[in-house]
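Source file: run35.pdb (PDB, C-alpha atoms and all ligand atoms)
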```
ATOM      1  CA  MET A1006      74.604 219.586 -28.007
ATOM      2  CA  LYS A1007      74.541 216.433 -25.993
ATOM      3  CA  THR A1008      72.654 214.477 -28.632
ATOM      4  CA  HIS A1009      75.023 215.830 -31.252
ATOM      5  CA  LYS A1010      78.017 214.454 -29.362
ATOM      6  CA  LEU A1011      76.229 211.177 -28.907
ATOM      7  CA  ALA A1012      75.501 211.005 -32.604
ATOM      8  CA  ILE A1013      79.175 211.500 -33.398
ATOM      9  CA  LEU A1014      80.156 208.852 -30.883
ATOM     10  CA  PHE A1015      77.561 206.504 -32.276
ATOM     11  CA  SER A1016      78.689 206.931 -35.868
ATOM     12  CA  ALA A1017      82.314 206.451 -34.825
ATOM     13  CA  VAL A1018      81.449 203.187 -33.091
ATOM     14  CA  LEU A1019      79.407 202.122 -36.085
ATOM     15  CA  ALA A1020      82.252 202.929 -38.501
ATOM     16  CA  CYS A1021      84.650 200.930 -36.343
ATOM     17  CA  GLY A1022      82.323 197.995 -36.224
ATOM     18  CA  LEU A1023      81.834 198.081 -39.972
ATOM     19  CA  ALA A1024      85.564 198.255 -40.641
ATOM     20  CA  GLN A1025      86.108 195.217 -38.470
ATOM     21  CA  ALA A1026      83.248 193.319 -40.013
ATOM     22  CA  ALA A1027      84.355 194.010 -43.595
ATOM     23  CA  PRO A1028      85.196 190.638 -45.137
ATOM     24  CA  SER A1029      88.702 190.058 -46.466
ATOM     25  CA  SER A1030      87.167 188.918 -49.765
ATOM     26  CA  ASN A1031      83.756 188.998 -51.416
ATOM     27  CA  VAL A1032      84.396 185.668 -53.105
ATOM     28  CA  ALA A1033      82.299 182.867 -51.621
ATOM     29  CA  TRP A1034      82.692 179.385 -53.057
ATOM     30  CA  THR A1035      79.045 178.804 -53.829
ATOM     31  CA  VAL A1036      77.842 176.445 -56.537
ATOM     32  CA  GLU A1037      77.456 179.510 -58.793
ATOM     33  CA  THR A1038      81.053 180.659 -58.295
ATOM     34  CA  HIS A1039      82.385 177.143 -58.910
ATOM     35  CA  SER A1040      80.447 176.784 -62.111
ATOM     36  CA  LEU A1041      81.461 180.281 -63.265
ATOM     37  CA  VAL A1042      85.147 179.323 -62.970
ATOM     38  CA  LYS A1043      84.580 175.857 -64.428
ATOM     39  CA  LYS A1044      82.918 177.348 -67.496
ATOM     40  CA  GLY A1045      85.737 179.846 -68.053
ATOM     41  CA  ASP A1046      86.693 179.828 -71.736
ATOM     42  CA  ALA A1047      90.483 179.607 -72.142
ATOM     43  CA  ALA A1048      90.349 180.880 -75.747
ATOM     44  CA  ILE A1049      88.631 184.059 -74.564
ATOM     45  CA  GLY A1050      91.201 184.383 -71.768
ATOM     46  CA  GLN A1051      94.032 184.176 -74.286
ATOM     47  CA  GLU A1052      92.405 186.942 -76.320
ATOM     48  CA  ILE A1053      91.888 189.244 -73.346
ATOM     49  CA  GLU A1054      95.448 188.968 -72.057
ATOM     50  CA  GLY A1055      96.706 190.730 -75.183
ATOM     51  CA  VAL A1056      94.160 193.571 -75.163
ATOM     52  CA  GLU A1057      95.549 197.028 -74.530
ATOM     53  CA  THR A1058      93.510 200.196 -74.018
ATOM     54  CA  GLU A1059      94.508 203.852 -74.023
ATOM     55  CA  ASP A1060      95.252 203.892 -70.307
ATOM     56  CA  VAL A1061      95.795 200.244 -69.391
ATOM     57  CA  ASN A1062      98.620 197.956 -70.516
ATOM     58  CA  ALA A1063      97.952 194.430 -71.752
ATOM     59  CA  CYS A1064      98.419 191.650 -69.189
ATOM     60  CA  THR A1065     101.193 190.303 -71.419
ATOM     61  CA  ASP A1066     103.181 193.551 -71.034
ATOM     62  CA  CYS A1067     103.808 192.719 -67.390
ATOM     63  CA  HIS A1068     103.229 188.962 -67.067
ATOM     64  CA  GLY A1069     104.401 187.731 -70.481
ATOM     65  CA  GLU A1070     102.413 185.459 -72.780
ATOM     66  CA  GLY A1071     100.449 182.873 -70.843
ATOM     67  CA  GLY A1072     101.677 184.448 -67.601
ATOM     68  CA  ALA A1073     104.937 182.595 -68.084
ATOM     69  CA  GLU A1074     107.556 185.317 -68.211
ATOM     70  CA  PRO A1075     108.178 186.024 -64.579
ATOM     71  CA  ASP A1076     111.726 187.344 -64.563
ATOM     72  CA  ARG A1077     110.486 190.864 -64.663
ATOM     73  CA  ASP A1078     110.728 192.805 -61.473
ATOM     74  CA  LYS A1079     108.206 191.629 -58.875
ATOM     75  CA  HIS A1080     105.600 190.266 -61.263
ATOM     76  CA  PRO A1081     104.088 186.929 -60.278
ATOM     77  CA  VAL A1082     104.094 183.805 -62.447
ATOM     78  CA  LEU A1083     100.511 183.014 -63.467
ATOM     79  CA  ALA A1084     101.162 179.989 -65.721
ATOM     80  CA  GLY A1085      99.988 176.706 -64.201
ATOM     81  CA  GLN A1086      98.276 178.429 -61.279
ATOM     82  CA  VAL A1087      95.140 176.928 -59.679
ATOM     83  CA  ALA A1088      92.234 178.516 -61.612
ATOM     84  CA  ALA A1089      90.021 179.153 -58.570
ATOM     85  CA  TYR A1090      92.895 180.971 -56.856
ATOM     86  CA  THR A1091      93.583 183.213 -59.875
ATOM     87  CA  PHE A1092      89.882 183.976 -60.213
ATOM     88  CA  LYS A1093      89.684 184.941 -56.533
ATOM     89  CA  GLN A1094      92.693 187.272 -56.809
ATOM     90  CA  LEU A1095      91.343 188.983 -59.937
ATOM     91  CA  LYS A1096      87.968 189.444 -58.276
ATOM     92  CA  ASP A1097      89.644 190.765 -55.118
ATOM     93  CA  TYR A1098      91.566 193.346 -57.196
ATOM     94  CA  LYS A1099      88.321 194.316 -58.931
ATOM     95  CA  ASP A1100      86.525 194.703 -55.585
ATOM     96  CA  ASP A1101      89.484 196.629 -54.102
ATOM     97  CA  LYS A1102      90.016 193.855 -51.542
ATOM     98  CA  ARG A1103      93.592 193.422 -52.737
ATOM     99  CA  ASP A1104      95.388 196.645 -53.243
ATOM    100  CA  ASN A1105      97.670 197.249 -56.226
ATOM    101  CA  ARG A1106      96.907 200.247 -58.415
ATOM    102  CA  ARG A1107      98.124 198.685 -61.689
ATOM    103  CA  MET A1108      96.150 195.505 -61.067
ATOM    104  CA  ASN A1109      93.048 197.330 -59.821
ATOM    105  CA  GLU A1110      93.059 199.304 -63.100
ATOM    106  CA  ALA A1111      93.834 196.254 -65.232
ATOM    107  CA  VAL A1112      90.691 194.369 -64.182
ATOM    108  CA  GLU A1113      88.307 197.282 -63.623
ATOM    109  CA  ARG A1114      86.505 196.897 -66.934
ATOM    110  CA  LEU A1115      86.395 193.103 -67.030
ATOM    111  CA  SER A1116      83.273 191.045 -66.246
ATOM    112  CA  ASP A1117      83.357 188.084 -63.867
ATOM    113  CA  GLU A1118      83.046 185.777 -66.911
ATOM    114  CA  GLN A1119      86.148 187.385 -68.428
ATOM    115  CA  LEU A1120      88.052 186.987 -65.151
ATOM    116  CA  ALA A1121      87.083 183.292 -65.109
ATOM    117  CA  ALA A1122      88.256 182.948 -68.730
ATOM    118  CA  LEU A1123      91.659 184.427 -67.820
ATOM    119  CA  ALA A1124      91.946 182.157 -64.763
ATOM    120  CA  VAL A1125      91.284 179.026 -66.829
ATOM    121  CA  TRP A1126      93.664 180.163 -69.586
ATOM    122  CA  TYR A1127      96.535 180.642 -67.127
ATOM    123  CA  ALA A1128      95.811 177.356 -65.331
ATOM    124  CA  GLN A1129      96.317 175.503 -68.621
ATOM    125  CA  GLN A1130      99.726 177.025 -69.389
ATOM    126  CA  PRO A1131     102.875 175.012 -68.633
ATOM    127  CA  PRO A1132     104.734 176.523 -65.669
ATOM    128  CA  ALA A1133     107.799 178.554 -66.529
ATOM    129  CA  ALA A1134     111.255 178.181 -65.051
ATOM    130  CA  VAL A1135     112.289 181.057 -62.800
ATOM    131  CA  GLU A1136     115.625 182.635 -61.950
ATOM    132  CA  VAL A1137     117.266 181.477 -58.727
ATOM    133  CA  ASP A1138     120.708 182.405 -57.487
ATOM    134  CA  GLU A1139     122.770 179.202 -57.299
ATOM    135  CA  GLU A1140     124.589 180.494 -54.253
ATOM    136  CA  ASP A1141     121.442 180.828 -52.161
ATOM    137  CA  LYS A1142     121.250 178.152 -49.474
ATOM    138  CA  VAL A1143     118.189 176.653 -47.840
ATOM    139  CA  SER A1144     118.804 175.477 -44.275
ATOM    140  CA  GLU A1145     117.526 172.307 -42.599
ATOM    141  CA  GLU A1146     115.469 174.486 -40.226
ATOM    142  CA  THR A1147     113.645 176.096 -43.145
ATOM    143  CA  LEU A1148     112.965 172.718 -44.739
ATOM    144  CA  ARG A1149     111.432 171.684 -41.445
ATOM    145  CA  LEU A1150     108.982 174.597 -41.737
ATOM    146  CA  VAL A1151     107.855 173.244 -45.090
ATOM    147  CA  PHE A1152     107.148 169.685 -43.992
ATOM    148  CA  ARG A1153     106.773 169.786 -40.229
ATOM    149  CA  GLY A1154     105.992 173.349 -39.233
ATOM    150  CA  ASP A1155     106.978 174.702 -35.835
ATOM    151  CA  LYS A1156     104.848 173.837 -32.817
ATOM    152  CA  LYS A1157     106.462 176.550 -30.666
ATOM    153  CA  ARG A1158     105.177 179.254 -33.016
ATOM    154  CA  LEU A1159     101.962 177.346 -33.786
ATOM    155  CA  LEU A1160     103.084 177.153 -37.426
ATOM    156  CA  GLN A1161     101.431 174.529 -39.581
ATOM    157  CA  PRO A1162     103.679 173.041 -42.283
ATOM    158  CA  CYS A1163     103.401 174.911 -45.598
ATOM    159  CA  ALA A1164     102.964 171.538 -47.328
ATOM    160  CA  SER A1165      99.823 170.756 -45.320
ATOM    161  CA  CYS A1166      97.965 173.435 -47.280
ATOM    162  CA  HIS A1167     100.049 174.067 -50.409
ATOM    163  CA  GLY A1168     100.720 170.372 -51.115
ATOM    164  CA  ALA A1169     103.889 168.269 -50.848
ATOM    165  CA  ARG A1170     105.116 169.583 -54.206
ATOM    166  CA  GLY A1171     103.890 173.138 -53.631
ATOM    167  CA  GLN A1172     101.306 172.536 -56.324
ATOM    168  CA  GLY A1173      98.338 174.132 -54.543
ATOM    169  CA  ALA A1174      95.046 172.560 -53.528
ATOM    170  CA  ILE A1175      91.308 172.936 -53.604
ATOM    171  CA  ILE A1176      89.638 175.319 -53.438
ATOM    172  CA  ASP A1177      91.762 178.394 -53.722
ATOM    173  CA  VAL A1178      95.127 177.462 -52.199
ATOM    174  CA  PRO A1179      97.743 178.661 -54.702
ATOM    175  CA  ALA A1180     100.606 176.743 -56.240
ATOM    176  CA  ILE A1181     103.769 178.338 -54.823
ATOM    177  CA  ALA A1182     106.365 176.065 -56.467
ATOM    178  CA  GLY A1183     107.918 177.950 -59.372
ATOM    179  CA  GLN A1184     106.912 181.370 -58.120
ATOM    180  CA  ASN A1185     109.163 184.347 -58.867
ATOM    181  CA  VAL A1186     111.503 184.749 -55.863
ATOM    182  CA  LYS A1187     111.186 188.543 -55.655
ATOM    183  CA  TYR A1188     107.406 188.445 -55.848
ATOM    184  CA  PHE A1189     107.186 185.641 -53.259
ATOM    185  CA  VAL A1190     109.248 187.654 -50.763
ATOM    186  CA  GLU A1191     107.331 190.856 -51.491
ATOM    187  CA  THR A1192     103.887 189.326 -51.047
ATOM    188  CA  MET A1193     104.918 187.598 -47.781
ATOM    189  CA  LYS A1194     106.120 190.984 -46.501
ATOM    190  CA  ASP A1195     102.784 192.471 -47.575
ATOM    191  CA  TYR A1196     100.876 189.797 -45.611
ATOM    192  CA  ALA A1197     103.073 190.371 -42.556
ATOM    193  CA  GLY A1198     102.664 194.150 -42.749
ATOM    194  CA  GLU A1199      98.876 193.969 -43.346
ATOM    195  CA  LYS A1200      99.316 195.469 -46.824
ATOM    196  CA  ARG A1201      97.778 192.346 -48.336
ATOM    197  CA  THR A1202      94.646 191.483 -46.395
ATOM    198  CA  ASN A1203      92.550 189.462 -48.838
ATOM    199  CA  ASP A1204      93.398 186.070 -47.306
ATOM    200  CA  ILE A1205      90.249 184.626 -45.771
ATOM    201  CA  TYR A1206      90.537 184.072 -41.975
ATOM    202  CA  SER A1207      93.972 185.845 -42.046
ATOM    203  CA  ARG A1208      95.490 182.441 -42.742
ATOM    204  CA  MET A1209      98.598 183.774 -44.476
ATOM    205  CA  ARG A1210      98.917 186.980 -42.458
ATOM    206  CA  ILE A1211      99.252 184.975 -39.234
ATOM    207  CA  ILE A1212     101.896 182.721 -40.784
ATOM    208  CA  ALA A1213     103.885 185.503 -42.465
ATOM    209  CA  LYS A1214     104.035 187.496 -39.229
ATOM    210  CA  ALA A1215     105.550 184.511 -37.391
ATOM    211  CA  LEU A1216     108.398 184.064 -39.904
ATOM    212  CA  THR A1217     111.748 185.877 -39.957
ATOM    213  CA  ARG A1218     113.009 187.699 -43.056
ATOM    214  CA  ASP A1219     115.691 185.046 -43.565
ATOM    215  CA  GLU A1220     113.129 182.271 -43.387
ATOM    216  CA  ILE A1221     110.939 184.032 -45.953
ATOM    217  CA  ASN A1222     113.914 184.478 -48.307
ATOM    218  CA  GLU A1223     114.877 180.824 -47.991
ATOM    219  CA  LEU A1224     111.319 179.618 -48.454
ATOM    220  CA  ALA A1225     111.109 181.669 -51.672
ATOM    221  CA  VAL A1226     114.321 180.070 -52.934
ATOM    222  CA  TYR A1227     113.197 176.577 -51.912
ATOM    223  CA  TYR A1228     109.880 176.871 -53.752
ATOM    224  CA  ALA A1229     111.398 178.489 -56.861
ATOM    225  CA  ARG A1230     113.868 175.589 -57.166
ATOM    226  CA  LEU A1231     111.146 173.037 -56.566
ATOM    227  CA  GLY A1232     109.201 174.535 -59.478
ATOM    228  CA  ASN A1233     112.249 174.515 -61.734
ATOM    229  CA  GLU A1234     112.875 170.835 -60.984
ATOM    230  CA  GLN A1235     109.294 170.053 -61.913
ATOM    231  CA  ALA A1236     109.436 172.226 -65.050
ATOM    232  CA  GLY A1237     112.386 170.185 -66.313
ATOM    233  CA  GLY A1238     115.729 171.319 -65.005
ATOM    234  CA  GLY A1239     115.651 175.075 -65.316
ATOM    235  CA  THR A1240     115.328 175.595 -69.073
ATOM    236  CA  LYS A1241     113.529 178.828 -69.811
ATOM    237  CA  LYS A1242     110.192 178.598 -71.518
ATOM    238  CA  ALA A1243     109.131 182.068 -72.532
ATOM    239  CA  SER A1244     105.598 181.184 -73.555
ATOM    240  CA  ALA A1245     103.138 178.403 -74.112
ATOM    241  CA  ASN A1246     103.607 178.195 -77.864
TER     242      ASN A1246
HETATM  243  C1  LIG B1301     101.551 197.265 -65.239
HETATM  244  C2  LIG B1301     101.887 195.863 -65.006
HETATM  245  C3  LIG B1301     100.740 194.875 -64.896
HETATM  246  C4  LIG B1301      99.672 194.681 -65.763
HETATM  247  C5  LIG B1301      99.330 195.466 -67.030
HETATM  248  C6  LIG B1301      98.944 193.536 -65.246
HETATM  249  N1  LIG B1301      99.548 193.064 -64.119
HETATM  250 FE1  LIG B1301      98.891 191.528 -62.977
HETATM  251  N2  LIG B1301     100.248 191.976 -61.557
HETATM  252  C7  LIG B1301     101.214 192.956 -61.653
HETATM  253  C8  LIG B1301     101.904 193.069 -60.389
HETATM  254  C9  LIG B1301     103.046 194.034 -60.054
HETATM  255  C10 LIG B1301     101.308 192.136 -59.512
HETATM  256  C11 LIG B1301     101.594 191.918 -58.015
HETATM  257  C12 LIG B1301     100.767 192.955 -57.295
HETATM  258  C13 LIG B1301     100.544 192.725 -55.843
HETATM  259  O1  LIG B1301     101.523 192.524 -55.118
HETATM  260  O2  LIG B1301      99.354 192.723 -55.432
HETATM  261  C14 LIG B1301     100.269 191.461 -60.282
HETATM  262  C15 LIG B1301      99.461 190.455 -59.794
HETATM  263  C16 LIG B1301      98.589 189.702 -60.556
HETATM  264  C17 LIG B1301      97.872 188.523 -60.090
HETATM  265  C18 LIG B1301      97.977 187.894 -58.713
HETATM  266  C19 LIG B1301      98.880 186.684 -58.806
HETATM  267  C20 LIG B1301      99.078 185.936 -57.528
HETATM  268  O3  LIG B1301      99.871 184.973 -57.549
HETATM  269  O4  LIG B1301      98.468 186.273 -56.521
HETATM  270  C21 LIG B1301      97.114 188.078 -61.148
HETATM  271  C22 LIG B1301      96.210 186.859 -61.169
HETATM  272  C23 LIG B1301      97.342 188.982 -62.263
HETATM  273  N3  LIG B1301      98.252 189.955 -61.874
HETATM  274  C24 LIG B1301      96.749 188.876 -63.508
HETATM  275  C25 LIG B1301      96.753 189.914 -64.462
HETATM  276  C26 LIG B1301      95.859 189.990 -65.597
HETATM  277  C27 LIG B1301      94.833 188.942 -65.962
HETATM  278  C28 LIG B1301      96.132 191.177 -66.241
HETATM  279  C29 LIG B1301      95.422 191.769 -67.442
HETATM  280  C30 LIG B1301      93.976 191.910 -67.360
HETATM  281  C31 LIG B1301      97.220 191.806 -65.515
HETATM  282  N4  LIG B1301      97.563 191.015 -64.446
HETATM  283  C32 LIG B1301      97.810 193.007 -65.855
HETATM  284  C33 LIG B1301     101.481 193.709 -62.761
HETATM  285  C34 LIG B1301     100.622 193.857 -63.855
HETATM  286  C1  LIG B1302      96.305 176.927 -43.392
HETATM  287  C2  LIG B1302      96.702 176.767 -44.770
HETATM  288  C3  LIG B1302      98.020 177.394 -45.203
HETATM  289  C4  LIG B1302      99.286 177.189 -44.685
HETATM  290  C5  LIG B1302      99.679 176.323 -43.503
HETATM  291  C6  LIG B1302     100.183 177.978 -45.489
HETATM  292  N1  LIG B1302      99.487 178.650 -46.474
HETATM  293 FE1  LIG B1302     100.259 179.959 -47.814
HETATM  294  N2  LIG B1302      98.391 180.362 -48.525
HETATM  295  C7  LIG B1302      97.229 179.757 -48.098
HETATM  296  C8  LIG B1302      96.097 180.348 -48.782
HETATM  297  C9  LIG B1302      94.636 179.949 -48.628
HETATM  298  C10 LIG B1302      96.624 181.356 -49.631
HETATM  299  C11 LIG B1302      95.848 182.319 -50.546
HETATM  300  C12 LIG B1302      95.273 183.434 -49.686
HETATM  301  C13 LIG B1302      94.687 184.589 -50.481
HETATM  302  O1  LIG B1302      93.628 184.430 -51.063
HETATM  303  O2  LIG B1302      95.362 185.632 -50.511
HETATM  304  C14 LIG B1302      98.073 181.324 -49.448
HETATM  305  C15 LIG B1302      98.970 182.167 -50.115
HETATM  306  C16 LIG B1302     100.342 182.063 -50.035
HETATM  307  C17 LIG B1302     101.283 182.830 -50.838
HETATM  308  C18 LIG B1302     100.924 183.857 -51.898
HETATM  309  C19 LIG B1302     100.925 183.199 -53.263
HETATM  310  C20 LIG B1302     100.724 184.164 -54.407
HETATM  311  O3  LIG B1302     100.777 183.707 -55.557
HETATM  312  O4  LIG B1302     100.535 185.359 -54.172
HETATM  313  C21 LIG B1302     102.531 182.421 -50.473
HETATM  314  C22 LIG B1302     103.846 182.934 -51.043
HETATM  315  C23 LIG B1302     102.391 181.421 -49.447
HETATM  316  N3  LIG B1302     101.056 181.231 -49.208
HETATM  317  C24 LIG B1302     103.444 180.784 -48.818
HETATM  318  C25 LIG B1302     103.313 179.930 -47.716
HETATM  319  C26 LIG B1302     104.424 179.398 -46.961
HETATM  320  C27 LIG B1302     105.873 179.647 -47.277
HETATM  321  C28 LIG B1302     103.901 178.641 -45.950
HETATM  322  C29 LIG B1302     104.621 177.913 -44.820
HETATM  323  C30 LIG B1302     105.505 178.718 -44.007
HETATM  324  C31 LIG B1302     102.443 178.698 -46.089
HETATM  325  N4  LIG B1302     102.143 179.487 -47.177
HETATM  326  C32 LIG B1302     101.552 178.042 -45.278
HETATM  327  C33 LIG B1302      97.136 178.742 -47.162
HETATM  328  C34 LIG B1302      98.162 178.307 -46.340
END
```

Just give me the structure as structure tokens.
Ligand code: HEC
Ligand code: HEC
Amino acid sequence: MKTHKLAILFSAVLACGLAQAAPSSNVAWTVETHSLVKKGDAAIGQEIEGVETEDVNACTDCHGEGGAEPDRDKHPVLAGQVAAYTFKQLKDYKDDKRDNRRMNEAVERLSDEQLAALAVWYAQQPPAAVEVDEEDKVSEETLRLVFRGDKKRLLQPCASCHGARGQGAIIDVPAIAGQNVKYFVETMKDYAGEKRTNDIYSRMRIIAKALTRDEINELAVYYARLGNEQAGGGTKKASAN
């Protein structure tokens, strides 16, 4: 009896330890991973995005051609995204490290080479313009978060990682300029609520938790507008061709 109880206790401790030790992502930026992404074949990526099976929609059904039709619900813009970032997200969905049923199903059958091909294809597409409400204001305080951060809350400026133009950076820091406003807000809420936990070292979870809802909304608007300015004044480009 006693040993039985001990065994239960032991396995509970072990399970706890394992849960804590589980990495937020299986992607490690080894030479092999870098070269896998670098060798991604955009033409193959373009082919795969249109493939539909009996139970899974084509990528284009939700993300548009070239990942450039973002004004659909909470779907992210993929066009012009940093390839290593997109590859990491697709791999995280495949490994169930990032949780979204539709996305987990969409990548289930794809090989790592195919994920790399998709990542390179999207990276090469011109960014799309996104919808932003003209009335939405961005305060001076929020702008300060972008370029100076907030020492009181130990917040690093967004620009220090995501770049001065929100264009992303090596290795897997995403471009956030030009992101769909609704998706931006949703994913920040997911980080804050521990629903999205695939960010290595909790980098974004810590930041998202320190921000208010209003700040998140304004940051989404700021970055969407920044992307539109860079994409050429807000004209809609539905696809790459
Ligand atoms: C049924 C609709 C649907 C289909 C089909 C779909 N996606 Fe998605 N995709 C989404 C949604 C919704 C999200 C955001 C989910 C989340 O919050 O994790 C997403 C997220 C993503 C992301 C993460 C983007 C980011 O900025 O982090 C990538 C990359 C992506 N999809 C690529 C693809 C590819 C490639 C395919 C086809 C193999 C595909 N998607 C098929 C709806 C879809
Ligand atoms: C320490 C570096 C760092 C700082 C500072 C930082 N980020 Fe991030 N951010 C990242 C990384 C790395 C990721 C990707 C994490 C992952 O793999 O999920 C990310 C992801 C994101 C995403 C999700 C993008 C997508 O397509 O799903 C958003 C939105 C975002 N950051 C916004 C911000 C904002 C707004 C700020 C400033 C308040 C900020 N970040 C500050 C490193 C940073």

_Please list as a ChimeraX atom specification every residue within 8 Å of Asn1185 (chain A), counting all atoms listed in the file and excluding residues in the same chain fewer than 3 positions away._
/A:1075-1076,1079-1082,1135-1136,1188-1189,1225,1229

*asked:* Can you pull out every residue with an atom within 8 Å of ligand LIG 1302 (chain B)? Use all atoms listed in the file and format it as a ChimeraX atom specification.
replied: /A:1030,1081-1083,1090,1093-1094,1150-1151,1154,1160-1167,1177-1181,1184,1188-1190,1192-1193,1201-1205,1208-1209,1212-1213,1216,1221,1224-1225

Output, as JSON, the centre and edge lengths in Å (one decimal) of the axis-aligned box that contains all listed atoms of region 1209-1216 of chain A with 8 Å of margin on each side.
```
{"center_x": 103.5, "center_y": 185.1, "center_z": -40.9, "size_x": 25.8, "size_y": 20.8, "size_z": 23.1}
```

_Explicit residues for the PyMOL selection byres (((chain A and resi 1043) around 12) and not hetatm) (as a list in words)_ = Val1036, Glu1037, Thr1038, His1039, Ser1040, Leu1041, Val1042, Lys1044, Gly1045, Asp1046, Ala1047, Val1087, Ala1088, Ala1089, Phe1092, Glu1118, Leu1120, Ala1121, Ala1122, Leu1123, Ala1124, Val1125, Trp1126 and Ala1128 of chain A

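Among the candidates A:Lys1214, A:Arg1170, A:Lys1187, A:Lys1194, the one nearest to Val1226 (chain A) when counting only C-alpha atoms is A:Lys1187.
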
*Once you count only C-alpha atoms, which residues end up no further than 10 Å from (86.7, 193.0, -56.0) in the file's frame, shown as a ChimeraX atom specification?*
/A:1030-1032,1093-1104,1109,1112-1113,1117,1203

*Would you please work out which residue, of A:Tyr1206, A:Trp1034, A:Tyr1196, A:Phe1152, is nearest to ligand LIG 1301 (chain B) when using only C-alpha atoms and all ligand atoms?*
A:Tyr1196

*asked:* Which residue is closest to ligand LIG 1301 (chain B)? Choose from A:Lys1200, A:Arg1149, A:Lys1142, A:Arg1230 and count all atoms listed in the file.
replied: A:Lys1200

Provide region 1041-1055 of chain A of the preceding structure as a file containing N, CA and C atoms, as an mmCIF file, in the first residue's frame.
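Result saved to selection-v3.cif:
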```cif
data_model
loop_
_atom_site.group_PDB
_atom_site.id
_atom_site.type_symbol
_atom_site.label_atom_id
_atom_site.label_comp_id
_atom_site.auth_asym_id
_atom_site.auth_seq_id
_atom_site.Cartn_x
_atom_site.Cartn_y
_atom_site.Cartn_z
ATOM 1 N N LEU A 1041 17.565 23.750 -44.629
ATOM 2 C CA LEU A 1041 16.248 23.254 -45.058
ATOM 3 C C LEU A 1041 15.371 24.422 -45.542
ATOM 4 N N VAL A 1042 15.347 25.500 -44.739
ATOM 5 C CA VAL A 1042 14.506 26.653 -45.098
ATOM 6 C C VAL A 1042 15.078 27.351 -46.336
ATOM 7 N N LYS A 1043 16.408 27.479 -46.355
ATOM 8 C CA LYS A 1043 17.060 28.169 -47.473
ATOM 9 C C LYS A 1043 16.780 27.470 -48.802
ATOM 10 N N LYS A 1044 16.719 26.141 -48.737
ATOM 11 C CA LYS A 1044 16.503 25.366 -49.968
ATOM 12 C C LYS A 1044 15.034 25.240 -50.333
ATOM 13 N N GLY A 1045 14.148 25.817 -49.539
ATOM 14 C CA GLY A 1045 12.715 25.730 -49.832
ATOM 15 C C GLY A 1045 12.430 26.194 -51.261
ATOM 16 N N ASP A 1046 11.613 25.416 -51.981
ATOM 17 C CA ASP A 1046 11.344 25.707 -53.381
ATOM 18 C C ASP A 1046 9.995 26.434 -53.515
ATOM 19 N N ALA A 1047 10.074 27.738 -53.842
ATOM 20 C CA ALA A 1047 8.866 28.568 -53.886
ATOM 21 C C ALA A 1047 7.815 28.007 -54.852
ATOM 22 N N ALA A 1048 8.278 27.439 -55.982
ATOM 23 C CA ALA A 1048 7.326 26.924 -56.978
ATOM 24 C C ALA A 1048 6.509 25.777 -56.385
ATOM 25 N N ILE A 1049 7.175 24.947 -55.582
ATOM 26 C CA ILE A 1049 6.461 23.848 -54.918
ATOM 27 C C ILE A 1049 5.487 24.423 -53.890
ATOM 28 N N GLY A 1050 5.935 25.455 -53.153
ATOM 29 C CA GLY A 1050 5.061 26.101 -52.180
ATOM 30 C C GLY A 1050 3.786 26.630 -52.830
ATOM 31 N N GLN A 1051 3.954 27.268 -53.982
ATOM 32 C CA GLN A 1051 2.795 27.820 -54.693
ATOM 33 C C GLN A 1051 1.808 26.719 -55.079
ATOM 34 N N GLU A 1052 2.374 25.562 -55.475
ATOM 35 C CA GLU A 1052 1.515 24.429 -55.835
ATOM 36 C C GLU A 1052 0.730 23.921 -54.627
ATOM 37 N N ILE A 1053 1.460 23.759 -53.507
ATOM 38 C CA ILE A 1053 0.824 23.165 -52.323
ATOM 39 C C ILE A 1053 -0.292 24.046 -51.777
ATOM 40 N N GLU A 1054 -0.112 25.363 -51.855
ATOM 41 C CA GLU A 1054 -1.119 26.232 -51.214
ATOM 42 C C GLU A 1054 -2.501 26.080 -51.833
ATOM 43 N N GLY A 1055 -2.554 25.564 -53.064
ATOM 44 C CA GLY A 1055 -3.847 25.399 -53.729
ATOM 45 C C GLY A 1055 -4.439 24.003 -53.583
#
```
